Amino acid sequence: MIPAADLPKPASTVVLLRDAPTARPGLEVLMVRRSAGMAFGASAWVFPGGKVAASDADPAWDALSEGDYDHYQRSLRIAAAREVFEESGLLLATGDGRELSANDCARFDAMRGLVEADPSLLLKLVRDAGLRLTLDRLLLFSHWITPTFEPRRFDTHFFLVQAPADQIVRHDGREAVDHAWAAPQDLLDRRRRGEARLMFPTRLNLEVLARSQTVAAAIAAARTQRVITVEPRLEEREDGKVLVIPAEAGYGLTEERMTEIMG
């Protein structure tokens, strides 16, 4: 039996999409750049996300959020919505049956740091403001478990969602020190030129997103795919260490040299 302390911690990551609002059509994804002082993924461009908090599993969320989930599945989605709010200022919720606007979200901006310090305060915010979290719009996109050789392990569920149309991203300046709406292929090209750091799962999920030209196409593709849990394993070979993932995960890549994993 694996000691509880060594089990990967449940976590959620959110892939927020929009159709490019410029003359150049295409899909864009919200990326935030992590602080250089972070213990995990320092300075990397990532999707918003983080660990599930105990309060994310509060049964009170059943009456304050959309979707029919057991408490574990709901807690993953609550964590997803909470981390998006903390890191980007976007709030995946409705008020009086309508999607929130930039002005609506501005009223809650001062709560972002407080929720980061005490995740249970999101429940109070949602309840007091008469909101409902739109968890049913979060589509499971991929599932990665950190390899056993890593000291910090996470059981991470990636969710795909179209970003609220009338809200404005404002990175928090603490965990997320910058943000950008980027075409997936553009970010992958920046990584190849040494201009952007991407973690391995982030890179592979961006490669999947680069296959779609619109939000609708990306969501339609995600609905038809089978989500395969990816827990990479390390292989020692004569020419160096290689990280191996299952072919059925659908990334078109089954192994990567450890020297190429982060960059």
# chains A, B, ... in the order shown; residues from 1 in each chain; ligands from 1
$ select_by_dssp --residues "range 23-214 of chain A" --states "strand (DSSP E or B)" --output "short mmCIF file (atom, residue, chain, number, x, y, z; two decimals) with N, CA and C atoms, in the first residue's frame"
data_model
loop_
_atom_site.label_atom_id
_atom_site.label_comp_id
_atom_site.auth_asym_id
_atom_site.auth_seq_id
_atom_site.Cartn_x
_atom_site.Cartn_y
_atom_site.Cartn_z
N LEU A 27 -8.18 29.84 -33.16
CA LEU A 27 -8.43 29.51 -31.76
C LEU A 27 -7.34 30.12 -30.88
N GLU A 28 -7.72 30.65 -29.74
CA GLU A 28 -6.76 31.15 -28.76
C GLU A 28 -7.03 30.51 -27.41
N VAL A 29 -5.97 30.31 -26.65
CA VAL A 29 -6.05 29.71 -25.33
C VAL A 29 -5.42 30.66 -24.32
N LEU A 30 -6.01 30.73 -23.14
CA LEU A 30 -5.46 31.59 -22.09
C LEU A 30 -4.30 30.88 -21.40
N MET A 31 -3.15 31.54 -21.39
CA MET A 31 -1.97 31.03 -20.70
C MET A 31 -1.54 32.05 -19.65
N VAL A 32 -1.09 31.56 -18.51
CA VAL A 32 -0.53 32.43 -17.49
C VAL A 32 0.90 31.99 -17.23
N ARG A 33 1.77 32.95 -16.93
CA ARG A 33 3.17 32.61 -16.66
C ARG A 33 3.39 32.59 -15.16
N ARG A 34 3.89 31.47 -14.67
CA ARG A 34 4.10 31.29 -13.25
C ARG A 34 5.29 32.09 -12.76
N TRP A 45 4.89 28.84 -18.84
CA TRP A 45 3.56 29.24 -19.29
C TRP A 45 2.64 28.03 -19.11
N VAL A 46 1.55 28.23 -18.37
CA VAL A 46 0.67 27.12 -18.00
C VAL A 46 -0.78 27.54 -18.18
N GLY A 49 -4.65 26.76 -12.83
CA GLY A 49 -5.01 25.54 -12.10
C GLY A 49 -4.26 25.41 -10.80
N GLY A 50 -4.61 24.36 -10.05
CA GLY A 50 -3.96 24.13 -8.77
C GLY A 50 -4.61 22.98 -8.02
N LYS A 51 -4.17 22.79 -6.79
CA LYS A 51 -4.65 21.68 -5.97
C LYS A 51 -6.10 21.86 -5.53
N SER A 65 -24.19 25.17 -7.68
CA SER A 65 -23.47 24.91 -8.92
C SER A 65 -24.28 24.01 -9.83
N ALA A 93 -19.52 31.58 -13.73
CA ALA A 93 -20.76 31.58 -12.95
C ALA A 93 -21.82 32.40 -13.66
N THR A 94 -23.04 32.21 -13.23
CA THR A 94 -24.15 33.05 -13.68
C THR A 94 -24.79 33.72 -12.48
N GLY A 95 -25.43 34.85 -12.75
CA GLY A 95 -26.21 35.57 -11.75
C GLY A 95 -27.56 35.89 -12.35
N ARG A 98 -27.90 34.75 -16.00
CA ARG A 98 -27.10 35.30 -17.11
C ARG A 98 -25.62 35.22 -16.76
N GLU A 99 -24.81 35.12 -17.82
CA GLU A 99 -23.36 35.08 -17.64
C GLU A 99 -22.86 36.42 -17.11
N LEU A 131 -25.01 33.71 -6.85
CA LEU A 131 -24.47 33.16 -8.09
C LEU A 131 -24.59 31.64 -8.11
N ARG A 132 -24.37 31.07 -9.30
CA ARG A 132 -24.24 29.63 -9.46
C ARG A 132 -23.05 29.36 -10.37
N LEU A 133 -22.15 28.48 -9.93
CA LEU A 133 -21.02 28.13 -10.76
C LEU A 133 -21.47 27.23 -11.90
N LEU A 139 -15.58 20.63 -19.61
CA LEU A 139 -15.51 19.35 -20.29
C LEU A 139 -14.16 18.69 -19.99
N LEU A 140 -14.19 17.46 -19.47
CA LEU A 140 -12.94 16.77 -19.18
C LEU A 140 -12.17 16.57 -20.47
N PHE A 141 -10.90 17.01 -20.46
CA PHE A 141 -10.09 17.06 -21.67
C PHE A 141 -8.91 16.09 -21.61
N SER A 142 -8.26 16.00 -20.47
CA SER A 142 -7.17 15.04 -20.30
C SER A 142 -6.93 14.80 -18.81
N HIS A 143 -6.13 13.77 -18.52
CA HIS A 143 -5.90 13.37 -17.13
C HIS A 143 -4.46 12.88 -17.01
N TRP A 144 -3.67 13.60 -16.23
CA TRP A 144 -2.25 13.28 -16.05
C TRP A 144 -1.94 13.06 -14.57
N ILE A 145 -1.11 12.06 -14.30
CA ILE A 145 -0.61 11.81 -12.95
C ILE A 145 0.91 11.94 -12.98
N PHE A 154 0.96 15.11 -8.52
CA PHE A 154 -0.41 15.59 -8.65
C PHE A 154 -1.21 14.66 -9.56
N ASP A 155 -2.46 14.49 -9.21
CA ASP A 155 -3.42 13.74 -10.01
C ASP A 155 -4.31 14.80 -10.66
N THR A 156 -3.92 15.22 -11.87
CA THR A 156 -4.47 16.44 -12.46
C THR A 156 -5.48 16.16 -13.56
N HIS A 157 -6.66 16.73 -13.40
CA HIS A 157 -7.70 16.66 -14.42
C HIS A 157 -7.73 17.99 -15.17
N PHE A 158 -7.61 17.90 -16.49
CA PHE A 158 -7.65 19.09 -17.35
C PHE A 158 -9.07 19.24 -17.89
N PHE A 159 -9.63 20.45 -17.72
CA PHE A 159 -10.97 20.74 -18.20
C PHE A 159 -10.94 21.80 -19.29
N LEU A 160 -11.76 21.60 -20.30
CA LEU A 160 -11.87 22.53 -21.43
C LEU A 160 -13.14 23.34 -21.26
N VAL A 161 -13.06 24.66 -21.50
CA VAL A 161 -14.25 25.50 -21.40
C VAL A 161 -14.07 26.76 -22.24
N GLN A 162 -15.16 27.21 -22.83
CA GLN A 162 -15.12 28.48 -23.54
C GLN A 162 -15.14 29.61 -22.52
N ALA A 176 0.58 34.06 -10.80
CA ALA A 176 0.62 34.35 -12.24
C ALA A 176 1.13 35.77 -12.44
N VAL A 177 2.32 35.89 -13.02
CA VAL A 177 2.94 37.22 -13.16
C VAL A 177 2.72 37.81 -14.55
N ASP A 178 2.10 37.06 -15.44
CA ASP A 178 1.79 37.57 -16.78
C ASP A 178 0.71 36.67 -17.36
N HIS A 179 0.06 37.13 -18.42
CA HIS A 179 -0.91 36.29 -19.11
C HIS A 179 -0.93 36.65 -20.58
N ALA A 180 -1.47 35.75 -21.39
CA ALA A 180 -1.60 36.01 -22.82
C ALA A 180 -2.67 35.09 -23.40
N TRP A 181 -3.42 35.65 -24.35
CA TRP A 181 -4.27 34.82 -25.20
C TRP A 181 -3.40 34.48 -26.41
N ALA A 182 -3.19 33.20 -26.64
CA ALA A 182 -2.24 32.80 -27.68
C ALA A 182 -2.81 31.67 -28.53
#
$ residues_around --residues "Glu83 in chain A" --least-positions-apart "2" --cutoff "8 Å" --atoms "only C-alpha atoms" --output "number ranges by chain"
A: 48-50, 79-81, 85-87
$ write_last_selection --atoms "C-alpha atoms" --output "CSV table (one decimal), in the first residue's frame"
chain,number,residue,atom,x,y,z
A,48,PRO,CA,-4.7,28.2,-14.8
A,49,GLY,CA,-5.0,25.5,-12.1
A,50,GLY,CA,-4.0,24.1,-8.8
A,79,ALA,CA,-11.2,23.7,-7.7
A,80,ALA,CA,-11.1,24.5,-11.4
A,81,ALA,CA,-13.5,27.4,-11.1
A,85,PHE,CA,-11.0,33.1,-10.4
A,86,GLU,CA,-7.8,33.5,-8.3
A,87,GLU,CA,-5.3,33.5,-11.2
$ select_by_dssp --residues "range 13-222 of chain A" --states "alpha helix (DSSP H)" --output "PyMOL selection string"
chain A and resi 71-88+102-106+112-117+121-128+184-192+200-209+215-222
$ residues_around --residues "Ala54 in chain A" --least-positions-apart "2" --cutoff "10 Å" --atoms "only C-alpha atoms" --output "CSV table (one decimal) with C-alpha atoms, in the first residue's frame"
chain,number,residue,atom,x,y,z
A,51,LYS,CA,-4.6,21.7,-6.0
A,52,VAL,CA,-8.1,20.7,-4.8
A,56,ASP,CA,-14.0,22.4,-2.6
A,57,ALA,CA,-15.8,19.2,-1.5
A,58,ASP,CA,-18.2,21.0,0.8
A,75,SER,CA,-14.7,19.1,-6.0
A,79,ALA,CA,-11.2,23.7,-7.7
A,119,PRO,CA,-10.5,28.7,-0.4
A,120,SER,CA,-13.7,28.3,1.7
$ atom_distance --atom1 "CA of Ala117 in chain A" --atom2 "CA of Ala11 in chain A"
16.8 Å
$ closest_atom_pairs --of "range 117-154 of chain A" --to "range 232-252 of chain A" --cutoff "8 Å" --atoms "only C-alpha atoms" --output "Markdown table"
| residue | atom | partner | partner_atom | distance |
| --- | --- | --- | --- | --- |
| A:Ile145 | CA | A:Pro232 | CA | 7.6 |
| A:Thr146 | CA | A:Pro232 | CA | 7.2 |
| A:Pro147 | CA | A:Pro232 | CA | 5.5 |
| A:Thr148 | CA | A:Arg233 | CA | 7.8 |
$ closest_residue --among "A:Asp186, A:Pro8, A:Leu92, A:Asn205" --to "Ala218 in chain A" --atoms "only C-alpha atoms"
A:Asn205
